[in-house]
file coords20.txt (compact mmCIF, C-alpha atoms)
# COMPACT_ATOMS: atom_id res chain seq x y z
CA MET R 3 0.00 0.00 0.00
CA ALA R 4 1.07 3.55 -0.57
CA GLU R 5 2.11 5.61 2.40
CA GLU R 6 2.96 9.27 2.68
CA THR R 7 6.27 10.34 4.22
CA GLU R 8 6.66 14.11 4.56
CA LYS R 9 6.26 15.51 1.03
CA LYS R 10 6.92 12.34 -0.94
CA LYS R 11 4.50 9.47 -1.42
CA TYR R 12 5.96 5.98 -1.64
CA ILE R 13 4.89 2.60 -2.94
CA THR R 14 6.76 -0.70 -2.99
CA HIS R 15 7.87 -2.78 -5.94
CA ASP R 16 5.02 -5.16 -5.14
CA ASP R 17 2.55 -2.28 -5.45
CA LEU R 18 4.13 -1.31 -8.77
CA ARG R 19 3.83 -4.86 -10.13
CA SER R 20 0.07 -4.79 -9.56
CA HIS R 21 -0.33 -2.00 -12.15
CA ASN R 22 0.22 -4.19 -15.20
CA LYS R 23 -3.20 -4.46 -16.83
CA PRO R 24 -4.74 -2.56 -19.77
CA GLY R 25 -5.88 0.85 -18.56
CA ASP R 26 -3.64 0.59 -15.52
CA LEU R 27 -0.03 0.56 -16.74
CA TRP R 28 2.68 1.92 -14.47
CA ILE R 29 6.45 1.90 -14.80
CA ALA R 30 9.26 3.29 -12.67
CA ILE R 31 12.30 5.22 -13.86
CA GLN R 32 15.03 6.16 -11.38
CA GLY R 33 12.67 5.50 -8.49
CA LYS R 34 9.82 7.69 -9.77
CA VAL R 35 6.55 6.09 -10.87
CA TYR R 36 4.81 6.99 -14.13
CA ASP R 37 1.37 6.15 -15.51
CA VAL R 38 1.71 5.19 -19.20
CA SER R 39 -1.82 3.81 -19.65
CA ASP R 40 -2.72 6.39 -22.30
CA TRP R 41 0.78 7.15 -23.56
CA VAL R 42 1.29 3.53 -24.65
CA LYS R 43 -1.05 4.11 -27.60
CA SER R 44 1.11 6.89 -29.05
CA HIS R 45 4.54 5.64 -28.03
CA PRO R 46 6.85 6.13 -31.08
CA GLY R 47 8.52 2.77 -30.44
CA GLY R 48 5.20 0.92 -30.42
CA ASP R 49 3.17 -0.55 -27.59
CA THR R 50 4.96 -3.92 -27.36
CA ILE R 51 8.10 -2.50 -25.83
CA ILE R 52 6.10 -0.92 -22.98
CA LEU R 53 3.61 -3.74 -22.43
CA ASN R 54 6.45 -6.20 -21.87
CA LEU R 55 7.92 -4.13 -19.04
CA VAL R 56 4.94 -2.62 -17.21
CA GLY R 57 4.93 -2.95 -13.44
CA GLN R 58 8.73 -2.77 -13.30
CA ASP R 59 11.62 -0.35 -13.01
CA VAL R 60 12.68 0.29 -16.61
CA THR R 61 15.48 2.81 -16.08
CA ASP R 62 18.12 0.89 -18.02
CA ALA R 63 15.85 0.18 -20.98
CA PHE R 64 14.68 3.81 -21.05
CA THR R 65 18.29 5.00 -20.96
CA ALA R 66 19.19 2.71 -23.84
CA PHE R 67 16.36 3.66 -26.19
CA HIS R 68 15.79 7.37 -25.55
CA PRO R 69 17.76 10.59 -26.10
CA GLY R 70 18.21 13.10 -23.32
CA THR R 71 15.37 15.20 -24.75
CA ALA R 72 12.87 12.45 -23.92
CA TRP R 73 13.29 12.80 -20.17
CA HIS R 74 11.23 15.99 -19.93
CA ARG R 75 8.24 14.16 -21.46
CA LEU R 76 8.04 12.07 -18.30
CA ASP R 77 6.90 14.99 -16.17
CA GLY R 78 3.35 14.83 -17.50
CA LEU R 79 3.14 11.12 -16.70
CA PHE R 80 4.39 11.31 -13.10
CA THR R 81 1.94 9.79 -10.59
CA GLY R 82 3.40 11.54 -7.58
CA TYR R 83 4.71 8.26 -6.19
CA HIS R 84 8.25 7.09 -5.60
CA ILE R 85 9.57 3.57 -5.04
CA GLY R 86 10.26 3.21 -1.36
CA ASP R 87 12.46 0.12 -1.66
CA TYR R 88 14.35 1.39 -4.72
CA ARG R 89 17.76 -0.23 -5.12
CA ILE R 90 20.30 -0.18 -7.93
CA SER R 91 22.55 -3.13 -8.71
CA GLU R 92 26.26 -2.49 -9.23
CA VAL R 93 25.94 -3.59 -12.86
CA SER R 94 23.14 -1.11 -13.53
CA ARG R 95 25.00 1.63 -11.70
CA ASP R 96 28.07 1.11 -13.88
CA TYR R 97 25.96 0.87 -17.03
CA ARG R 98 24.21 4.17 -16.34
CA ARG R 99 27.50 5.81 -15.47
CA MET R 100 28.93 4.55 -18.76
CA ALA R 101 25.96 5.91 -20.73
CA THR R 102 26.38 9.30 -19.04
CA GLU R 103 30.09 9.39 -19.90
CA PHE R 104 29.40 8.53 -23.53
CA ARG R 105 26.83 11.32 -23.66
CA LYS R 106 29.28 13.83 -22.18
CA LEU R 107 31.84 12.82 -24.79
CA GLY R 108 29.28 13.54 -27.50
CA LEU R 109 29.39 10.00 -28.87
CA PHE R 110 25.62 9.89 -29.42
CA GLU R 111 25.77 13.05 -31.52
CA SER R 112 29.01 12.38 -33.39
CA LYS R 113 27.79 10.47 -36.45
CA GLY R 114 30.74 10.80 -38.78
CA HIS R 115 30.16 10.52 -42.51
CA ASN R 116 28.92 6.93 -42.67
CA THR R 117 25.48 7.92 -43.92
CA LEU R 118 26.90 10.06 -46.72
CA TYR R 119 29.35 7.36 -47.77
CA THR R 120 26.74 4.60 -47.64
CA LEU R 121 24.12 6.57 -49.57
CA SER R 122 26.72 7.46 -52.21
CA PHE R 123 27.74 3.80 -52.41
CA ILE R 124 24.09 2.76 -52.80
CA ALA R 125 23.53 5.30 -55.58
CA ALA R 126 26.66 4.12 -57.40
CA MET R 127 25.61 0.48 -57.08
CA PHE R 128 22.11 1.23 -58.34
CA ALA R 129 23.59 2.97 -61.38
CA GLY R 130 25.82 -0.06 -61.90
CA VAL R 131 22.82 -2.40 -61.70
CA LEU R 132 20.89 -0.36 -64.27
CA TYR R 133 23.89 -0.24 -66.59
CA GLY R 134 24.55 -3.96 -66.28
CA VAL R 135 20.95 -4.89 -67.06
CA LEU R 136 20.01 -2.25 -69.61
CA ALA R 137 23.26 -1.59 -71.45
CA CYS R 138 24.96 -5.00 -71.46
CA ASP R 139 24.05 -8.19 -73.29
CA SER R 140 26.50 -10.49 -71.51
CA ILE R 141 25.09 -12.95 -68.98
CA VAL R 142 28.24 -12.35 -66.93
CA ALA R 143 27.44 -8.62 -66.77
CA HIS R 144 23.91 -9.46 -65.74
CA GLN R 145 25.19 -11.67 -62.92
CA ILE R 146 27.55 -8.95 -61.74
CA ALA R 147 24.56 -6.57 -61.73
CA ALA R 148 22.58 -9.10 -59.69
CA ALA R 149 25.39 -9.38 -57.13
CA LEU R 150 25.57 -5.58 -56.96
CA LEU R 151 21.83 -5.44 -56.33
CA GLY R 152 22.19 -7.90 -53.47
CA LEU R 153 24.97 -5.79 -51.96
CA LEU R 154 22.82 -2.68 -52.47
CA TRP R 155 20.00 -4.31 -50.50
CA ILE R 156 22.40 -5.13 -47.67
CA GLN R 157 23.66 -1.57 -47.43
CA SER R 158 20.14 -0.14 -47.74
CA ALA R 159 19.08 -2.33 -44.83
CA TYR R 160 21.86 -0.81 -42.72
CA ILE R 161 20.61 2.69 -43.57
CA GLY R 162 17.07 1.66 -42.62
CA HIS R 163 18.37 0.10 -39.42
CA ASP R 164 20.42 3.14 -38.42
CA SER R 165 17.61 5.59 -39.19
CA GLY R 166 15.25 3.49 -37.11
CA HIS R 167 17.44 3.82 -34.03
CA TYR R 168 18.59 7.44 -34.29
CA VAL R 169 18.37 10.47 -36.60
CA ILE R 170 20.96 9.97 -39.34
CA MET R 171 19.83 12.94 -41.46
CA SER R 172 19.74 16.66 -40.71
CA ASN R 173 16.27 16.45 -39.16
CA LYS R 174 13.50 13.96 -38.35
CA LYS R 175 11.56 14.70 -41.54
CA TYR R 176 14.48 13.75 -43.79
CA ASN R 177 15.22 10.83 -41.50
CA ARG R 178 11.69 9.52 -42.09
CA ILE R 179 12.19 9.88 -45.84
CA ALA R 180 15.46 7.96 -45.59
CA GLN R 181 13.66 5.14 -43.75
CA LEU R 182 10.95 4.79 -46.38
CA VAL R 183 13.32 5.05 -49.34
CA ALA R 184 16.02 2.73 -47.99
CA GLY R 185 13.52 0.26 -46.55
CA ASN R 186 10.27 0.19 -48.46
CA CYS R 187 11.26 1.60 -51.85
CA LEU R 188 14.68 -0.01 -52.34
CA THR R 189 14.40 -3.29 -50.46
CA GLY R 190 10.66 -4.01 -50.44
CA ILE R 191 10.68 -4.46 -46.67
CA SER R 192 8.40 -2.25 -44.59
CA ILE R 193 10.08 0.01 -42.05
CA ALA R 194 6.89 -0.35 -39.99
CA TRP R 195 7.38 -4.14 -39.84
CA TRP R 196 11.04 -3.64 -38.95
CA LYS R 197 10.23 -1.29 -36.05
CA TRP R 198 7.54 -3.61 -34.74
CA THR R 199 9.75 -6.69 -34.61
CA HIS R 200 13.13 -5.09 -34.02
CA ASN R 201 12.16 -3.11 -30.94
CA ALA R 202 10.67 -6.26 -29.44
CA HIS R 203 13.88 -8.14 -30.24
CA HIS R 204 16.05 -5.52 -28.53
CA LEU R 205 13.88 -5.53 -25.46
CA ALA R 206 13.47 -9.30 -25.09
CA CYS R 207 16.86 -10.31 -26.48
CA ASN R 208 16.90 -14.12 -26.86
CA SER R 209 13.73 -14.82 -24.92
CA LEU R 210 12.37 -17.90 -26.66
CA ASP R 211 8.73 -16.86 -26.28
CA TYR R 212 9.06 -13.06 -26.49
CA ASP R 213 11.83 -12.45 -29.07
CA PRO R 214 10.47 -12.79 -32.64
CA ASP R 215 13.99 -13.16 -34.03
CA LEU R 216 14.26 -16.64 -32.50
CA GLN R 217 10.81 -17.86 -33.50
CA HIS R 218 11.35 -19.68 -36.77
CA ILE R 219 9.27 -22.83 -36.32
CA PRO R 220 8.77 -24.96 -38.42
CA VAL R 221 12.11 -24.30 -40.13
CA PHE R 222 14.58 -23.67 -37.27
CA ALA R 223 14.71 -24.31 -33.52
CA VAL R 224 17.71 -23.11 -31.52
CA SER R 225 16.43 -24.78 -28.35
CA THR R 226 14.64 -28.03 -27.55
CA LYS R 227 12.10 -25.99 -25.59
CA PHE R 228 10.45 -25.27 -28.95
CA PHE R 229 9.59 -29.00 -29.10
CA ASN R 230 6.87 -28.34 -26.50
CA SER R 231 4.86 -26.20 -28.96
CA MET R 232 5.24 -23.04 -26.90
CA THR R 233 3.12 -19.93 -27.40
CA SER R 234 4.74 -16.91 -28.97
CA ARG R 235 3.93 -13.94 -26.74
CA PHE R 236 4.94 -11.63 -29.59
CA TYR R 237 2.77 -13.10 -32.34
CA ASP R 238 0.16 -14.31 -29.82
CA ARG R 239 -0.09 -17.74 -31.43
CA LYS R 240 1.10 -21.26 -30.80
CA LEU R 241 4.37 -22.35 -32.42
CA THR R 242 3.24 -25.88 -33.17
CA PHE R 243 5.97 -28.49 -33.28
CA ASP R 244 4.20 -30.97 -35.55
CA PRO R 245 5.66 -33.80 -37.69
CA VAL R 246 6.54 -31.36 -40.47
CA ALA R 247 8.42 -29.13 -38.03
CA ARG R 248 10.17 -32.16 -36.55
CA LEU R 249 11.31 -33.25 -40.01
CA LEU R 250 12.59 -29.80 -41.00
CA VAL R 251 14.31 -29.15 -37.67
CA SER R 252 15.93 -32.61 -37.79
CA TYR R 253 18.01 -31.44 -40.74
CA GLN R 254 18.29 -27.74 -39.94
CA HIS R 255 22.10 -27.84 -39.76
CA PHE R 256 22.05 -28.90 -43.42
CA THR R 257 19.29 -26.55 -44.57
CA TYR R 258 20.58 -23.50 -42.67
CA TYR R 259 22.59 -21.96 -45.51
CA PRO R 260 20.16 -22.83 -48.33
CA VAL R 261 17.28 -21.32 -46.35
CA MET R 262 19.31 -18.14 -45.78
CA CYS R 263 19.52 -17.76 -49.57
CA PHE R 264 15.75 -17.39 -49.68
CA GLY R 265 15.33 -15.58 -46.35
CA ARG R 266 14.34 -12.44 -48.23
CA ILE R 267 11.10 -14.07 -49.34
CA ASN R 268 10.06 -14.45 -45.71
CA LEU R 269 10.67 -10.74 -45.12
CA PHE R 270 8.44 -9.88 -48.08
CA VAL R 271 5.70 -12.12 -46.70
CA GLN R 272 6.02 -10.68 -43.19
CA THR R 273 5.75 -7.16 -44.61
CA PHE R 274 2.47 -7.91 -46.37
CA LEU R 275 1.07 -9.81 -43.38
CA LEU R 276 1.58 -6.75 -41.19
CA LEU R 277 0.36 -4.16 -43.68
CA PHE R 278 -2.81 -6.14 -44.38
CA SER R 279 -3.41 -6.96 -40.72
CA ARG R 280 -5.80 -5.20 -38.36
CA ARG R 281 -2.96 -3.95 -36.18
CA GLU R 282 -2.39 -0.24 -35.94
CA VAL R 283 0.44 0.52 -38.34
CA GLU R 284 2.20 3.88 -38.32
CA ASP R 285 1.95 5.56 -41.74
CA ARG R 286 0.30 2.51 -43.29
CA VAL R 287 -0.46 4.39 -46.54
CA LEU R 288 3.14 5.59 -46.91
CA ASN R 289 4.40 2.09 -46.20
CA PHE R 290 2.11 0.68 -48.87
CA ALA R 291 3.24 3.38 -51.31
CA GLY R 292 6.89 2.56 -50.71
CA ILE R 293 6.27 -1.17 -51.18
CA LEU R 294 4.42 -0.40 -54.40
CA VAL R 295 7.45 1.52 -55.65
CA PHE R 296 9.65 -1.53 -55.04
CA TRP R 297 7.24 -3.97 -56.70
CA THR R 298 7.14 -1.64 -59.70
CA TRP R 299 10.83 -1.08 -60.43
CA PHE R 300 12.15 -4.51 -59.43
CA PRO R 301 9.86 -6.66 -61.66
CA LEU R 302 10.37 -4.19 -64.54
CA LEU R 303 14.13 -4.41 -64.12
CA VAL R 304 14.03 -8.21 -64.12
CA TYR R 305 11.73 -8.24 -67.15
CA CYS R 306 14.32 -6.23 -69.11
CA LEU R 307 16.53 -9.31 -69.19
CA PRO R 308 16.21 -11.28 -72.45
CA THR R 309 15.16 -14.76 -71.29
CA TRP R 310 13.33 -16.39 -68.40
CA PRO R 311 16.37 -18.49 -67.36
CA GLU R 312 18.41 -15.29 -67.07
CA ARG R 313 15.63 -13.60 -65.13
CA PHE R 314 15.47 -16.50 -62.69
CA LEU R 315 19.26 -16.54 -62.32
CA PHE R 316 19.31 -12.77 -61.73
CA VAL R 317 16.76 -13.00 -58.90
CA PHE R 318 18.45 -16.07 -57.42
CA THR R 319 21.90 -14.42 -57.38
CA SER R 320 20.67 -11.16 -55.87
CA PHE R 321 18.78 -13.05 -53.14
CA THR R 322 21.76 -15.32 -52.47
CA VAL R 323 24.09 -12.35 -51.88
CA THR R 324 21.71 -10.99 -49.22
CA ALA R 325 22.06 -14.34 -47.44
CA LEU R 326 25.33 -12.95 -46.07
CA GLN R 327 23.33 -10.44 -44.04
CA HIS R 328 20.74 -12.97 -42.90
CA ILE R 329 23.55 -15.25 -41.75
CA GLN R 330 25.21 -12.39 -39.87
CA PHE R 331 22.01 -11.60 -37.98
CA THR R 332 21.61 -15.22 -36.90
CA LEU R 333 25.27 -15.56 -35.92
CA ASN R 334 24.77 -12.70 -33.48
CA HIS R 335 22.12 -14.60 -31.50
CA PHE R 336 21.46 -18.25 -32.45
CA ALA R 337 24.43 -19.60 -30.45
CA ALA R 338 24.07 -17.25 -27.47
CA ASP R 339 22.21 -17.96 -24.22
CA VAL R 340 18.42 -18.22 -24.33
CA TYR R 341 15.73 -18.00 -21.65
CA MET R 342 11.98 -18.32 -21.22
CA GLY R 343 9.64 -15.61 -20.06
CA PRO R 344 9.27 -11.84 -20.42
CA PRO R 345 12.16 -9.39 -20.19
CA THR R 346 12.82 -7.83 -16.81
CA GLY R 347 13.99 -4.34 -15.98
CA HIS R 348 16.46 -5.19 -13.22
CA ASP R 349 18.93 -7.20 -15.35
CA TRP R 350 19.05 -5.27 -18.61
CA PHE R 351 22.83 -5.38 -19.03
CA GLU R 352 23.06 -9.04 -18.00
CA LYS R 353 20.41 -10.19 -20.50
CA GLN R 354 21.99 -8.27 -23.38
CA ALA R 355 25.43 -9.69 -22.60
CA ALA R 356 24.11 -13.23 -22.38
CA GLY R 357 22.05 -13.05 -25.57
CA THR R 358 24.57 -11.58 -28.00
CA LEU R 359 27.73 -12.55 -29.84
CA ASP R 360 30.19 -10.15 -31.50
CA ILE R 361 32.04 -10.81 -34.76
CA THR R 362 35.67 -9.72 -34.87
CA CYS R 363 36.89 -8.00 -38.02
CA VAL R 364 39.48 -5.48 -39.15
CA PRO R 365 38.34 -1.82 -39.15
CA TYR R 366 38.27 -1.51 -42.93
CA MET R 367 35.52 -4.19 -43.03
CA ASP R 368 33.17 -2.31 -40.71
CA TRP R 369 31.18 -1.11 -43.74
CA PHE R 370 30.37 -4.69 -44.66
CA TYR R 371 28.84 -5.50 -41.26
CA GLY R 372 27.10 -2.15 -40.83
CA GLY R 373 28.51 -1.88 -37.31
CA LEU R 374 26.41 -4.83 -36.18
CA GLN R 375 29.46 -7.01 -35.66
CA PHE R 376 29.56 -5.11 -32.34
CA GLN R 377 26.26 -6.69 -31.38
CA LEU R 378 26.52 -6.36 -27.60
CA GLU R 379 27.63 -2.74 -27.85
CA HIS R 380 24.73 -2.03 -30.20
CA HIS R 381 22.22 -3.73 -27.90
CA LEU R 382 23.44 -1.79 -24.88
CA PHE R 383 23.47 1.51 -26.77
CA PRO R 384 21.13 1.18 -29.78
CA ARG R 385 21.21 4.94 -30.36
CA LEU R 386 24.99 5.04 -30.62
CA PRO R 387 26.08 5.76 -34.23
CA ARG R 388 27.85 2.80 -35.76
CA CYS R 389 31.09 4.76 -36.25
CA ASN R 390 31.49 4.87 -32.46
CA LEU R 391 30.76 1.23 -31.63
CA ARG R 392 34.38 0.17 -32.10
CA LYS R 393 35.48 3.00 -29.78
CA VAL R 394 33.29 1.85 -26.88
CA ALA R 395 33.89 -1.89 -27.31
CA PRO R 396 36.95 -2.03 -24.99
CA VAL R 397 35.02 -0.20 -22.25
CA VAL R 398 32.08 -2.61 -22.55
CA GLN R 399 34.46 -5.55 -22.47
CA GLU R 400 36.08 -4.30 -19.28
CA LEU R 401 32.71 -3.82 -17.61
CA CYS R 402 31.73 -7.39 -18.51
CA LYS R 403 35.02 -8.62 -17.08
CA LYS R 404 34.50 -6.63 -13.88
CA HIS R 405 31.08 -8.19 -13.25
CA LYS R 406 32.00 -11.66 -14.57
CA LEU R 407 29.52 -11.41 -17.44
CA PRO R 408 30.01 -13.08 -20.85
CA TYR R 409 31.63 -11.08 -23.63
CA ARG R 410 31.73 -13.31 -26.70
CA SER R 411 33.72 -12.10 -29.68
CA MET R 412 34.92 -14.44 -32.40
CA SER R 413 35.70 -14.55 -36.09
CA TRP R 414 33.07 -14.99 -38.78
CA TRP R 415 34.26 -18.55 -39.34
CA GLU R 416 34.17 -19.46 -35.64
CA ALA R 417 30.71 -17.94 -35.23
CA ASN R 418 29.45 -20.00 -38.18
CA LYS R 419 30.82 -23.19 -36.67
CA LEU R 420 29.24 -22.44 -33.30
CA THR R 421 25.87 -21.62 -34.86
CA VAL R 422 25.81 -24.78 -36.97
CA ARG R 423 26.82 -26.79 -33.90
CA THR R 424 23.90 -25.30 -31.97
CA LEU R 425 21.47 -26.16 -34.75
CA LYS R 426 22.95 -29.65 -35.03
CA LYS R 427 22.47 -30.40 -31.32
CA ALA R 428 18.80 -29.43 -31.49
CA ALA R 429 18.39 -31.33 -34.76
CA TYR R 430 19.62 -34.58 -33.24
CA GLN R 431 17.18 -34.19 -30.36
CA ALA R 432 14.32 -33.54 -32.78
CA ARG R 433 14.96 -36.95 -34.33
CA ASP R 434 14.27 -38.69 -31.02
CA LYS R 435 10.62 -39.63 -31.34
CA ALA R 436 10.52 -42.01 -28.39
CA ASN R 437 10.35 -39.49 -25.56
CA PRO R 438 10.72 -36.00 -27.04
CA VAL R 439 9.86 -33.91 -23.98
CA VAL R 440 11.47 -35.39 -20.90
CA LYS R 441 14.57 -36.71 -22.62
CA ASN R 442 15.17 -33.48 -24.49
CA LEU R 443 14.85 -31.34 -21.37
CA VAL R 444 17.41 -33.52 -19.59
CA TRP R 445 19.72 -33.27 -22.59
CA GLU R 446 19.36 -29.49 -22.69
CA ALA R 447 20.12 -29.20 -18.98
CA LEU R 448 23.38 -31.02 -19.56
CA ASN R 449 24.25 -29.24 -22.79
CA THR R 450 23.17 -25.62 -22.38
CA HIS R 451 24.71 -23.66 -25.21
CA GLY R 452 26.02 -20.13 -25.36
call {"tool": "encode", "arguments": {"input": "coords20.txt", "output": "structure tokens"}}
result
Amino acid sequence: MAEETEKKKYITHDDLRSHNKPGDLWIAIQGKVYDVSDWVKSHPGGDTIILNLVGQDVTDAFTAFHPGTAWHRLDGLFTGYHIGDYRISEVSRDYRRMATEFRKLGLFESKGHNTLYTLSFIAAMFAGVLYGVLACDSIVAHQIAAALLGLLWIQSAYIGHDSGHYVIMSNKKYNRIAQLVAGNCLTGISIAWWKWTHNAHHLACNSLDYDPDLQHIPVFAVSTKFFNSMTSRFYDRKLTFDPVARLLVSYQHFTYYPVMCFGRINLFVQTFLLLFSRREVEDRVLNFAGILVFWTWFPLLVYCLPTWPERFLFVFTSFTVTALQHIQFTLNHFAADVYMGPPTGHDWFEKQAAGTLDITCVPYMDWFYGGLQFQLEHHLFPRLPRCNLRKVAPVVQELCKKHKLPYRSMSWWEANKLTVRTLKKAAYQARDKANPVVKNLVWEALNTHG
């Protein structure tokens, strides 16, 4: 119960946890309690990210996702209550101190010239694709153009990703245009779909039932817990592990790379499923318009090729090149630690460290990975421009070492081997039809990966 002490009114964490139902949504930030029941509907990051953390202290998550200018918006949501038993863990204290230091150093505002370079590179590649298709008759030239298009899609995705986390242009209006052009118009993938799923992924990093980036049944299962046909709390549907899923998962270590070659098709499907759904979608009309632009120029470009075999080969090659990016995204998480249940506010740093894996590379290859090879650093500071992720990596590594938390960083080749090994372990368990639940859970207890 709330009690009044002098001028301040206090409630306990137990009181806070009781305010977790629609119409009664409270959160705490730095010990102050806020009512977000109405604000959740207009939250720029979507409602999922708030609904998964209501009734908790969300200071670390708020610090990670919001600029300093967002703090003043909290005043209008303040309930007048404070958390009486408010405590900060040493990990959270160090994390917040680190975020403050980075802000004082201007690292969140110092964006370098990555956006200019990447946009110029995309424009040059698009010109090269048009030239290769329209001005050349050689099948070799057409295949080079297809590879360029795949690389263009990869780099466009990085622009869409960056602009979704922070303002990469001179103002928010141009940033919004960059999102729609780089995402919807050039890649055919809705920025609205990306925000919906990606914010949930950041918040519930590697939660089997809350993180959509791990929910790939019937094709992949990174944990034997999926064999119990769990319910996805993100999609609000059952992930049925039926005979078809068992068969596909049983050979997932073999199908992993081939499936990645066609991963783009799934993103197209997911885009249309969201845009045609009854969910509230920000700028639905603009998203549809951008998708229409893509499905106008891309089929026309392919149709300019002389024969159907060449057209098929062009599409296949361009999709196959983008598999490099799909593989990278899975390397960052498939072999890391997983857990069940919703995300919690009190172990933000710990969950991000456990659920991510960095890829080591030389600095001149940073452009290829889009900065996401520093996956832990990006998850801890999603608003940090990619040009600064390498700078903060040693500091993050030291903090992990101080608190005995995992900091996994390995080469592209090593990460591939670990990911395939993870898929292989689950695949072998999927083949056991005799006692799939009990036996698999025992096996997983003895062979926890990550």
call {"tool": "closest_residue", "arguments": {"input": "coords20.txt", "among": "R:Arg313, R:Arg89, R:His328, R:Arg75", "to": "Ala159 of chain R", "atoms": "all atoms listed in the file"}}
result
R:His328
call {"tool": "residues_around", "arguments": {"input": "coords20.txt", "residues": "Pro387 of chain R", "least_positions_apart": "4", "cutoff": "8 Å", "atoms": "only C-alpha atoms", "output": "list of chain:residue names"}}
result
R:Leu109, R:Phe110, R:Glu111, R:Ser112, R:Lys113, R:Asp164, R:Tyr168, R:Leu391
call {"tool": "residues_near_point", "arguments": {"input": "coords20.txt", "point": "(22.3, -18.2, -47.4)", "cutoff": "9 Å", "atoms": "all atoms listed in the file", "output": "ChimeraX atom specification"}}
result
/R:258-265,321-329
call {"tool": "closest_residue", "arguments": {"input": "coords20.txt", "among": "R:Pro69, R:Leu425, R:His163, R:Ala206", "to": "Leu374 of chain R", "atoms": "only C-alpha atoms"}}
result
R:His163
call {"tool": "residues_around", "arguments": {"input": "coords20.txt", "residues": "Glu284 of chain R", "least_positions_apart": "5", "cutoff": "10 Å", "atoms": "all atoms listed in the file", "output": "PDB file with C-alpha atoms, keeping the file's coordinate frame"}}
result
ATOM      1  CA  SER R  44       1.110   6.890 -29.050  1.00  0.00           C
ATOM      2  CA  PRO R  46       6.850   6.130 -31.080  1.00  0.00           C
ATOM      3  CA  GLY R  48       5.200   0.920 -30.420  1.00  0.00           C
ATOM      4  CA  ILE R 193      10.080   0.010 -42.050  1.00  0.00           C
ATOM      5  CA  ALA R 194       6.890  -0.350 -39.990  1.00  0.00           C
ATOM      6  CA  TRP R 195       7.380  -4.140 -39.840  1.00  0.00           C
ATOM      7  CA  LYS R 197      10.230  -1.290 -36.050  1.00  0.00           C
ATOM      8  CA  TRP R 198       7.540  -3.610 -34.740  1.00  0.00           C
ATOM      9  CA  LEU R 277       0.360  -4.160 -43.680  1.00  0.00           C
ATOM     10  CA  ASN R 289       4.400   2.090 -46.200  1.00  0.00           C
TER      11      ASN R 289
END
call {"tool": "atom_distance", "arguments": {"input": "coords20.txt", "atom1": "atom CA of Met171 of chain R", "atom2": "atom CA of Ala148 of chain R"}}
result
28.7 Å
call {"tool": "closest_residue", "arguments": {"input": "coords20.txt", "among": "R:Ala432, R:Leu79, R:Val283, R:Ile267", "to": "Asp49 of chain R", "atoms": "all atoms listed in the file"}}
result
R:Val283
call {"tool": "atom_distance", "arguments": {"input": "coords20.txt", "atom1": "atom CA of Ser158 of chain R", "atom2": "atom CA of Gly185 of chain R"}}
result
6.7 Å
call {"tool": "atom_distance", "arguments": {"input": "coords20.txt", "atom1": "atom CA of Arg410 of chain R", "atom2": "atom CA of Thr257 of chain R"}}
result
25.5 Å
call {"tool": "residues_near_point", "arguments": {"input": "coords20.txt", "point": "(28.6, -22.9, -30.9)", "cutoff": "9 Å", "atoms": "only C-alpha atoms", "output": "mmCIF file with C-alpha atoms, keeping the file's coordinate frame"}}
result
data_model
loop_
_atom_site.group_PDB
_atom_site.id
_atom_site.type_symbol
_atom_site.label_atom_id
_atom_site.label_comp_id
_atom_site.auth_asym_id
_atom_site.auth_seq_id
_atom_site.Cartn_x
_atom_site.Cartn_y
_atom_site.Cartn_z
ATOM 1 C CA PHE R 336 21.460 -18.250 -32.450
ATOM 2 C CA ALA R 337 24.430 -19.600 -30.450
ATOM 3 C CA ALA R 338 24.070 -17.250 -27.470
ATOM 4 C CA GLU R 416 34.170 -19.460 -35.640
ATOM 5 C CA ALA R 417 30.710 -17.940 -35.230
ATOM 6 C CA ASN R 418 29.450 -20.000 -38.180
ATOM 7 C CA LYS R 419 30.820 -23.190 -36.670
ATOM 8 C CA LEU R 420 29.240 -22.440 -33.300
ATOM 9 C CA THR R 421 25.870 -21.620 -34.860
ATOM 10 C CA VAL R 422 25.810 -24.780 -36.970
ATOM 11 C CA ARG R 423 26.820 -26.790 -33.900
ATOM 12 C CA THR R 424 23.900 -25.300 -31.970
ATOM 13 C CA LEU R 425 21.470 -26.160 -34.750
ATOM 14 C CA HIS R 451 24.710 -23.660 -25.210
ATOM 15 C CA GLY R 452 26.020 -20.130 -25.360
#
